[in-house]
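Text of protein26.cif (mmCIF, C-alpha atoms) as supplied:
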data_query
#
loop_
_atom_site.label_atom_id
_atom_site.label_comp_id
_atom_site.auth_asym_id
_atom_site.auth_seq_id
_atom_site.Cartn_x
_atom_site.Cartn_y
_atom_site.Cartn_z
CA MET A 1 95.36 130.71 182.43
CA VAL A 2 94.09 129.77 178.98
CA HIS A 3 91.90 132.79 178.37
CA VAL A 4 93.59 136.05 177.52
CA GLY A 5 93.87 138.44 180.44
CA LEU A 6 96.19 140.97 182.02
CA PRO A 7 99.16 138.57 182.59
CA HIS A 8 99.36 137.72 178.90
CA PHE A 9 99.85 141.37 177.97
CA LEU A 10 102.32 141.88 180.81
CA VAL A 11 104.39 138.89 179.68
CA LEU A 12 104.41 140.21 176.12
CA GLY A 13 105.49 143.64 177.36
CA ALA A 14 108.25 142.06 179.45
CA LEU A 15 109.54 140.08 176.47
CA LEU A 16 109.49 143.18 174.24
CA PHE A 17 111.40 145.12 176.91
CA SER A 18 114.01 142.39 177.42
CA ALA A 19 114.55 141.91 173.69
CA GLY A 20 114.98 145.68 173.33
CA LEU A 21 117.53 145.64 176.15
CA LEU A 22 119.38 142.81 174.41
CA THR A 23 119.36 144.77 171.16
CA VAL A 24 120.68 147.96 172.76
CA ALA A 25 123.42 146.03 174.57
CA THR A 26 124.71 144.01 171.65
CA ARG A 27 124.28 145.99 168.43
CA ARG A 28 127.28 147.68 166.88
CA ASN A 29 125.19 149.56 164.32
CA ALA A 30 123.87 152.81 165.84
CA VAL A 31 120.60 152.52 163.92
CA GLY A 32 120.15 149.05 165.41
CA VAL A 33 120.61 150.54 168.88
CA LEU A 34 117.83 153.06 168.11
CA MET A 35 115.56 150.18 167.03
CA GLY A 36 116.19 148.56 170.41
CA VAL A 37 115.13 151.76 172.16
CA GLU A 38 111.89 151.73 170.15
CA LEU A 39 111.25 148.16 171.30
CA ILE A 40 111.80 149.12 174.95
CA LEU A 41 109.34 152.02 174.66
CA ASN A 42 106.80 149.73 173.01
CA GLY A 43 107.07 147.21 175.81
CA ALA A 44 106.39 149.97 178.34
CA ASN A 45 103.44 151.16 176.26
CA VAL A 46 101.85 147.71 176.19
CA ASN A 47 102.01 147.66 179.99
CA PHE A 48 100.46 151.13 180.27
CA VAL A 49 97.52 150.27 178.04
CA ALA A 50 97.00 146.82 179.58
CA PHE A 51 96.86 148.22 183.13
CA ASN A 52 94.57 150.99 181.90
CA HIS A 53 92.15 148.47 180.43
CA TYR A 54 92.20 145.75 183.06
CA VAL A 55 92.84 147.63 186.33
CA THR A 56 92.14 151.36 186.41
CA GLY A 57 89.65 152.09 183.65
CA GLY A 58 89.39 155.60 182.24
CA VAL A 59 91.89 156.85 179.69
CA SER A 60 94.87 158.11 181.73
CA GLY A 61 97.04 155.14 180.75
CA GLN A 62 96.26 155.68 177.10
CA VAL A 63 97.09 159.40 177.41
CA PHE A 64 100.42 158.46 178.95
CA ALA A 65 101.07 155.99 176.13
CA LEU A 66 100.33 158.75 173.61
CA PHE A 67 102.92 160.98 175.29
CA VAL A 68 105.40 158.11 175.11
CA ILE A 69 104.71 157.77 171.37
CA VAL A 70 105.24 161.50 170.83
CA LEU A 71 108.51 161.51 172.75
CA ALA A 72 109.65 158.34 170.95
CA ALA A 73 109.07 160.05 167.61
CA ALA A 74 111.08 163.07 168.80
CA GLU A 75 113.83 160.79 170.09
CA ALA A 76 113.97 158.93 166.78
CA ALA A 77 114.27 162.16 164.80
CA VAL A 78 117.07 163.60 166.94
CA GLY A 79 118.80 160.22 167.30
CA LEU A 80 118.87 159.61 163.58
CA ALA A 81 120.11 163.15 162.97
CA ILE A 82 122.96 162.43 165.39
CA VAL A 83 123.63 159.14 163.60
CA LEU A 84 123.87 161.00 160.27
CA ALA A 85 126.25 163.56 161.82
CA ILE A 86 128.40 160.73 163.21
CA PHE A 87 128.43 159.13 159.78
CA HIS A 88 129.58 162.36 158.19
CA THR A 89 132.36 162.76 160.74
CA PHE A 90 133.65 159.22 161.22
CA ARG A 91 132.53 157.59 157.92
CA SER A 92 131.00 154.78 159.97
CA ILE A 93 128.07 154.26 162.31
CA ASP A 94 129.77 151.59 164.37
CA VAL A 95 129.14 152.77 167.92
CA ARG A 96 132.73 151.87 168.86
CA ALA A 97 134.13 154.17 166.17
CA ALA A 98 132.61 157.30 167.70
CA ASP A 99 134.88 157.43 170.71
CA THR A 100 136.05 161.04 170.55
CA MET A 101 134.05 164.16 171.29
CA ARG A 102 135.68 166.23 168.51
CA GLU A 103 137.09 165.74 165.05
CA MET B 104 105.28 151.47 132.07
CA LYS B 105 101.92 153.21 131.87
CA GLY B 106 100.10 149.89 131.54
CA LYS B 107 101.89 148.57 134.61
CA ILE B 108 100.77 151.55 136.71
CA GLY B 109 97.22 151.07 135.47
CA LEU B 110 97.36 147.39 136.43
CA TRP B 111 98.58 148.25 139.93
CA LEU B 112 95.86 150.87 140.34
CA PHE B 113 93.27 148.33 139.20
CA LEU B 114 94.57 145.74 141.67
CA ALA B 115 94.53 148.28 144.51
CA ALA B 116 90.96 149.28 143.64
CA LEU B 117 90.01 145.59 143.60
CA VAL B 118 91.49 145.03 147.07
CA VAL B 119 89.80 148.14 148.48
CA GLY B 120 86.46 147.09 147.00
CA PHE B 121 86.84 143.57 148.41
CA VAL B 122 87.61 144.89 151.90
CA ALA B 123 84.68 147.33 151.71
CA LEU B 124 82.34 144.54 150.60
CA LEU B 125 83.60 142.30 153.39
CA ALA B 126 83.21 145.06 155.98
CA SER B 127 79.65 145.75 154.85
CA ARG B 128 78.69 142.07 154.95
CA VAL B 129 80.45 141.14 158.19
CA GLY B 130 79.71 143.84 160.72
CA PRO B 131 81.45 143.82 164.07
CA ALA B 132 78.27 142.67 165.77
CA THR B 133 78.17 139.39 163.85
CA LEU B 134 81.77 138.46 164.60
CA PRO B 135 81.59 135.43 166.90
CA ALA B 136 84.31 136.62 169.24
CA ASP B 137 83.48 134.26 172.08
CA GLN B 138 82.89 131.18 169.98
CA ALA B 139 84.82 128.31 171.50
CA VAL B 140 87.47 126.53 169.46
CA GLY B 141 88.68 123.71 171.68
CA PRO B 142 89.87 125.19 174.99
CA PHE B 143 90.31 128.63 173.40
CA THR B 144 87.87 131.24 172.23
CA LEU B 145 88.32 132.93 168.87
CA ARG B 146 89.56 136.04 170.68
CA ASP B 147 92.31 134.04 172.38
CA LEU B 148 93.45 132.52 169.10
CA LEU B 149 93.58 135.98 167.51
CA PHE B 150 95.60 137.25 170.45
CA TYR B 151 98.10 134.41 170.21
CA ALA B 152 98.46 134.89 166.44
CA VAL B 153 99.09 138.64 166.76
CA ALA B 154 101.39 138.22 169.76
CA SER B 155 103.49 135.60 167.97
CA LEU B 156 103.74 137.91 164.96
CA ALA B 157 105.05 140.65 167.25
CA MET B 158 107.48 138.28 168.96
CA VAL B 159 108.87 136.99 165.64
CA GLY B 160 109.43 140.58 164.55
CA THR B 161 111.12 141.35 167.87
CA ALA B 162 113.41 138.34 167.50
CA PHE B 163 114.40 139.57 164.04
CA VAL B 164 115.22 143.02 165.43
CA ALA B 165 117.34 141.55 168.20
CA LEU B 166 119.10 138.75 166.33
CA SER B 167 119.22 139.39 162.59
CA ARG B 168 122.62 140.10 161.13
CA ASN B 169 121.22 142.24 158.31
CA ILE B 170 120.07 145.72 159.31
CA VAL B 171 117.37 145.77 156.62
CA TYR B 172 115.87 142.56 158.00
CA SER B 173 116.00 144.16 161.44
CA ALA B 174 113.99 147.11 160.12
CA LEU B 175 111.41 144.73 158.61
CA GLY B 176 111.25 142.87 161.92
CA LEU B 177 110.62 146.20 163.65
CA LEU B 178 107.73 146.74 161.21
CA PHE B 179 106.11 143.48 162.31
CA ALA B 180 106.77 144.14 166.00
CA LEU B 181 105.15 147.59 165.81
CA LEU B 182 102.26 146.26 163.72
CA GLY B 183 101.67 143.47 166.24
CA THR B 184 101.69 145.80 169.25
CA GLY B 185 99.35 148.15 167.39
CA ALA B 186 96.95 145.28 166.80
CA LEU B 187 97.15 144.34 170.47
CA TYR B 188 95.97 147.84 171.43
CA VAL B 189 92.68 146.99 169.70
CA PHE B 190 92.26 144.07 172.12
CA LEU B 191 92.73 146.56 174.95
CA SER B 192 89.96 148.90 173.78
CA ALA B 193 92.49 151.53 172.66
CA ASP B 194 91.39 152.15 169.09
CA PHE B 195 92.78 155.68 168.85
CA LEU B 196 96.12 154.50 170.16
CA ALA B 197 96.23 151.69 167.60
CA VAL B 198 95.71 154.11 164.72
CA THR B 199 98.26 156.51 166.21
CA GLN B 200 100.76 153.67 166.41
CA LEU B 201 100.13 152.92 162.74
CA LEU B 202 100.49 156.55 161.68
CA VAL B 203 103.36 157.72 163.87
CA TYR B 204 105.48 154.61 164.32
CA ILE B 205 105.04 152.77 161.05
CA GLY B 206 104.37 155.81 158.87
CA GLY B 207 106.95 158.05 160.51
CA VAL B 208 109.58 156.47 162.71
CA LEU B 209 110.04 153.32 160.65
CA VAL B 210 110.37 155.25 157.41
CA LEU B 211 112.90 157.52 159.12
CA ILE B 212 114.87 154.48 160.30
CA LEU B 213 114.85 152.90 156.83
CA PHE B 214 115.96 156.26 155.42
CA ALA B 215 118.87 156.35 157.86
CA VAL B 216 119.78 152.76 156.99
CA MET B 217 119.87 153.57 153.28
CA LEU B 218 121.90 156.74 153.86
CA THR B 219 124.50 155.35 156.22
CA SER B 220 125.30 151.83 155.04
CA ARG B 221 126.69 151.19 151.61
CA ILE B 222 123.73 149.12 150.65
CA THR B 223 125.39 147.52 147.64
CA ASP B 224 128.17 146.08 149.75
CA VAL B 225 127.90 142.48 150.84
CA ASN B 226 128.46 143.56 154.41
CA VAL B 227 125.35 145.50 155.42
CA SER B 228 126.75 145.26 158.86
CA ASN B 229 124.61 144.74 161.88
CA THR B 230 126.99 142.46 163.70
CA SER B 231 126.82 142.03 167.42
CA MET B 232 129.33 142.49 170.17
CA GLY B 233 129.35 141.15 173.67
CA VAL B 234 126.80 138.46 172.87
CA ALA B 235 127.47 136.65 176.14
CA GLY B 236 126.89 139.80 178.19
CA GLY B 237 123.76 140.60 176.22
CA ALA B 238 122.38 137.10 176.69
CA ALA B 239 123.16 137.30 180.40
CA LEU B 240 121.30 140.63 180.56
CA PHE B 241 118.31 139.09 178.75
CA PHE B 242 118.18 136.02 180.97
CA ALA B 243 118.53 138.19 184.06
CA THR B 244 115.69 140.53 183.07
CA ALA B 245 113.05 138.49 181.25
CA PRO B 246 112.38 135.74 183.85
CA VAL B 247 112.09 138.27 186.68
CA LEU B 248 109.60 140.43 184.78
CA VAL B 249 107.59 137.42 183.59
CA PHE B 250 107.52 135.99 187.12
CA VAL B 251 106.29 139.30 188.56
CA ALA B 252 103.64 139.56 185.86
CA LEU B 253 102.35 136.04 186.52
CA ALA B 254 102.70 135.78 190.29
CA THR B 255 101.28 139.12 191.42
CA PRO B 256 97.52 139.05 192.22
CA TRP B 257 96.55 142.12 190.18
CA ALA B 258 93.34 143.85 191.28
CA ALA B 259 91.63 143.37 187.94
CA ARG B 260 88.25 144.88 187.13
CA SER B 261 85.47 142.43 186.41
CA SER B 262 85.00 141.86 182.65
CA PRO B 263 85.94 145.25 181.16
CA GLY B 264 84.17 145.72 177.86
CA LEU B 265 85.36 147.22 174.60
CA ALA B 266 84.33 150.81 173.88
CA PRO B 267 85.69 153.59 171.66
CA THR B 268 87.88 155.99 173.63
CA THR B 269 88.66 158.77 171.15
CA ARG B 270 86.18 161.23 172.68
CA GLU B 271 87.47 160.62 176.21
CA ILE B 272 91.07 161.06 175.06
CA GLY B 273 90.21 164.37 173.38
CA ASP B 274 88.45 165.56 176.52
CA ALA B 275 91.39 164.50 178.68
CA PHE B 276 93.90 166.30 176.48
CA LEU B 277 92.02 169.57 176.52
CA THR B 278 91.15 169.58 180.21
CA GLY B 279 93.34 167.79 182.74
CA TRP B 280 96.34 167.17 180.46
CA LEU B 281 96.40 170.55 178.72
CA LEU B 282 99.79 171.70 180.06
CA PRO B 283 101.64 168.46 179.15
CA PHE B 284 99.92 168.55 175.76
CA GLU B 285 101.25 172.04 175.03
CA LEU B 286 104.69 171.08 176.39
CA ALA B 287 104.71 168.11 174.00
CA SER B 288 104.10 170.44 171.09
CA LEU B 289 106.98 172.63 172.28
CA VAL B 290 109.20 169.54 172.47
CA LEU B 291 108.22 168.61 168.92
CA LEU B 292 109.08 172.12 167.68
CA ALA B 293 112.46 171.99 169.42
CA THR B 294 113.03 168.53 167.92
CA LEU B 295 112.22 169.81 164.44
CA ILE B 296 114.77 172.62 164.67
CA GLY B 297 117.35 170.52 166.50
CA ALA B 298 117.22 167.65 164.01
CA VAL B 299 117.72 170.03 161.08
CA VAL B 300 120.62 171.80 162.82
CA ILE B 301 122.35 168.56 163.78
CA ALA B 302 121.92 166.74 160.47
CA ARG B 303 122.79 169.56 158.06
CA LYS B 304 126.16 169.56 156.37
CA GLU B 305 128.52 171.77 158.28
CA LEU B 306 130.38 174.36 156.22
CA LYS B 307 133.88 175.34 157.20
CA PRO B 308 134.52 179.10 157.13
CA ASP B 309 137.18 178.79 154.40
CA GLU B 310 135.03 176.47 152.30
CA GLU B 311 132.99 177.60 149.34
CA PRO B 312 129.38 176.40 149.53
CA THR B 313 128.80 173.83 146.83
CA PRO B 314 125.75 174.56 144.68
#

This entry written out as structure tokens:
Amino acid sequence: MVHVGLPHFLVLGALLFSAGLLTVATRRNAVGVLMGVELILNGANVNFVAFNHYVTGGVSGQVFALFVIVLAAAEAAVGLAIVLAIFHTFRSIDVRAADTMRE
Amino acid sequence: MKGKIGLWLFLAALVVGFVALLASRVGPATLPADQAVGPFTLRDLLFYAVASLAMVGTAFVALSRNIVYSALGLLFALLGTGALYVFLSADFLAVTQLLVYIGGVLVLILFAVMLTSRITDVNVSNTSMGVAGGAALFFATAPVLVFVALATPWAARSSPGLAPTTREIGDAFLTGWLLPFELASLVLLATLIGAVVIARKELKPDEEPTP
């Protein structure tokens, strides 16, 4: 249990995922919520790459992690654009302030 | 002002030269990765150092009351996970993490922070709500995942070595994963247009465009 192996990376991925979940659930700042989503995706990525290295071999896990990174970048761009639009409309990025679908 | 810039350039050149000298003197082959330090090897100690860096950053993201500190914590969390990819023989992925996440997403997030919070106010708000529910969620998720990770007898390969994977990833993208690759580029194009359309300032029909 002392030497670094697959369980170490899985535990780290689980902690990243749980902390991201905590962030998404508790933040009031919409940008903070987006940071939590990034943490969740990173935790999943650590698991993908760890299983790829220790169990399957090859590169399919790394390819999947690359797709996750691409989609996370796209999600961040659109999410932050939405946050800016919400800020323009409601003058606040508190997620509780944006409770109507129209101005 | 000009002297200051020259000083910074000189310092940067000094650091780059030092790193280059170090890299030429200490090749990867001479690094004693399996040298024992007590019950650990050097590799284990490096892993624990990097993992604790990532966890400290994660804790800052989840718990800090200042959104700027949260963004800095996210920097360390992403940097730590990127360094961990090197341990997993994913060199290309580590560099991609550095370029896309830290160079792109994090800068975007900092940009949004600066645009949306009145940064000069005392209250750069990142306060929490429903802390009890969030803590309950955390303590319901984390132990289960950690227990599964530790208790399952994973069918691990015997002593997987470290090897560069960039060539294999390129081959995989242009053969078996070609369709998803092209779809990802379509998604990025749609994101580009969508982000511009959503974030631009909307003009009312009766409003004169301001120059």

Residues within 6 Å of range 65-77 of chain A, all atoms listed in the file, excluding chain neighbours under 3 positions, as a list of chain:residue names: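 My reading of the contact set: A:Asn45, A:Gln62, A:Leu80, B:Thr294.
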
Could you list, as number ranges by chain, the residues of chain A having an atom within 8 Å of chain B when counting all atoms listed in the file? A: 2-4, 6-7, 10-12, 14-16, 18-23, 25-29, 31-32, 35-36, 39, 42, 46, 49-50, 53-56, 59-60, 62-63, 65-67, 69-71, 73-74, 76-78, 80-85, 87, 92-93

Can you write out the residues you just picked, keeping C-alpha atoms, as a PDB file, in the frame of the given file?
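See part.pdb below for the written result:
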ATOM      1  CA  VAL A   2      94.090 129.770 178.980  1.00  0.00           C
ATOM      2  CA  HIS A   3      91.900 132.790 178.370  1.00  0.00           C
ATOM      3  CA  VAL A   4      93.590 136.050 177.520  1.00  0.00           C
ATOM      4  CA  LEU A   6      96.190 140.970 182.020  1.00  0.00           C
ATOM      5  CA  PRO A   7      99.160 138.570 182.590  1.00  0.00           C
ATOM      6  CA  LEU A  10     102.320 141.880 180.810  1.00  0.00           C
ATOM      7  CA  VAL A  11     104.390 138.890 179.680  1.00  0.00           C
ATOM      8  CA  LEU A  12     104.410 140.210 176.120  1.00  0.00           C
ATOM      9  CA  ALA A  14     108.250 142.060 179.450  1.00  0.00           C
ATOM     10  CA  LEU A  15     109.540 140.080 176.470  1.00  0.00           C
ATOM     11  CA  LEU A  16     109.490 143.180 174.240  1.00  0.00           C
ATOM     12  CA  SER A  18     114.010 142.390 177.420  1.00  0.00           C
ATOM     13  CA  ALA A  19     114.550 141.910 173.690  1.00  0.00           C
ATOM     14  CA  GLY A  20     114.980 145.680 173.330  1.00  0.00           C
ATOM     15  CA  LEU A  21     117.530 145.640 176.150  1.00  0.00           C
ATOM     16  CA  LEU A  22     119.380 142.810 174.410  1.00  0.00           C
ATOM     17  CA  THR A  23     119.360 144.770 171.160  1.00  0.00           C
ATOM     18  CA  ALA A  25     123.420 146.030 174.570  1.00  0.00           C
ATOM     19  CA  THR A  26     124.710 144.010 171.650  1.00  0.00           C
ATOM     20  CA  ARG A  27     124.280 145.990 168.430  1.00  0.00           C
ATOM     21  CA  ARG A  28     127.280 147.680 166.880  1.00  0.00           C
ATOM     22  CA  ASN A  29     125.190 149.560 164.320  1.00  0.00           C
ATOM     23  CA  VAL A  31     120.600 152.520 163.920  1.00  0.00           C
ATOM     24  CA  GLY A  32     120.150 149.050 165.410  1.00  0.00           C
ATOM     25  CA  MET A  35     115.560 150.180 167.030  1.00  0.00           C
ATOM     26  CA  GLY A  36     116.190 148.560 170.410  1.00  0.00           C
ATOM     27  CA  LEU A  39     111.250 148.160 171.300  1.00  0.00           C
ATOM     28  CA  ASN A  42     106.800 149.730 173.010  1.00  0.00           C
ATOM     29  CA  VAL A  46     101.850 147.710 176.190  1.00  0.00           C
ATOM     30  CA  VAL A  49      97.520 150.270 178.040  1.00  0.00           C
ATOM     31  CA  ALA A  50      97.000 146.820 179.580  1.00  0.00           C
ATOM     32  CA  HIS A  53      92.150 148.470 180.430  1.00  0.00           C
ATOM     33  CA  TYR A  54      92.200 145.750 183.060  1.00  0.00           C
ATOM     34  CA  VAL A  55      92.840 147.630 186.330  1.00  0.00           C
ATOM     35  CA  THR A  56      92.140 151.360 186.410  1.00  0.00           C
ATOM     36  CA  VAL A  59      91.890 156.850 179.690  1.00  0.00           C
ATOM     37  CA  SER A  60      94.870 158.110 181.730  1.00  0.00           C
ATOM     38  CA  GLN A  62      96.260 155.680 177.100  1.00  0.00           C
ATOM     39  CA  VAL A  63      97.090 159.400 177.410  1.00  0.00           C
ATOM     40  CA  ALA A  65     101.070 155.990 176.130  1.00  0.00           C
ATOM     41  CA  LEU A  66     100.330 158.750 173.610  1.00  0.00           C
ATOM     42  CA  PHE A  67     102.920 160.980 175.290  1.00  0.00           C
ATOM     43  CA  ILE A  69     104.710 157.770 171.370  1.00  0.00           C
ATOM     44  CA  VAL A  70     105.240 161.500 170.830  1.00  0.00           C
ATOM     45  CA  LEU A  71     108.510 161.510 172.750  1.00  0.00           C
ATOM     46  CA  ALA A  73     109.070 160.050 167.610  1.00  0.00           C
ATOM     47  CA  ALA A  74     111.080 163.070 168.800  1.00  0.00           C
ATOM     48  CA  ALA A  76     113.970 158.930 166.780  1.00  0.00           C
ATOM     49  CA  ALA A  77     114.270 162.160 164.800  1.00  0.00           C
ATOM     50  CA  VAL A  78     117.070 163.600 166.940  1.00  0.00           C
ATOM     51  CA  LEU A  80     118.870 159.610 163.580  1.00  0.00           C
ATOM     52  CA  ALA A  81     120.110 163.150 162.970  1.00  0.00           C
ATOM     53  CA  ILE A  82     122.960 162.430 165.390  1.00  0.00           C
ATOM     54  CA  VAL A  83     123.630 159.140 163.600  1.00  0.00           C
ATOM     55  CA  LEU A  84     123.870 161.000 160.270  1.00  0.00           C
ATOM     56  CA  ALA A  85     126.250 163.560 161.820  1.00  0.00           C
ATOM     57  CA  PHE A  87     128.430 159.130 159.780  1.00  0.00           C
ATOM     58  CA  SER A  92     131.000 154.780 159.970  1.00  0.00           C
ATOM     59  CA  ILE A  93     128.070 154.260 162.310  1.00  0.00           C
TER      60      ILE A  93
END

Smallest atom-to-atom distance to Ala186 in chain B: which of B:Val210, B:Leu156, B:Leu124, B:Leu289, using only C-alpha atoms?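 Closest residue, counting only C-alpha atoms: B:Leu156.
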
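Going from CA of Phe51 in chain A over to CA of Leu175 in chain B, you cover 28.7 Å.
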
From CA of Ala197 in chain B to CA of Gly160 in chain B the spacing works out at 17.5 Å

Quote the spacing between CA of Ala30 in chain A and CA of Val95 in chain A in Å to one decimal place.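 The value is 5.7 Å.
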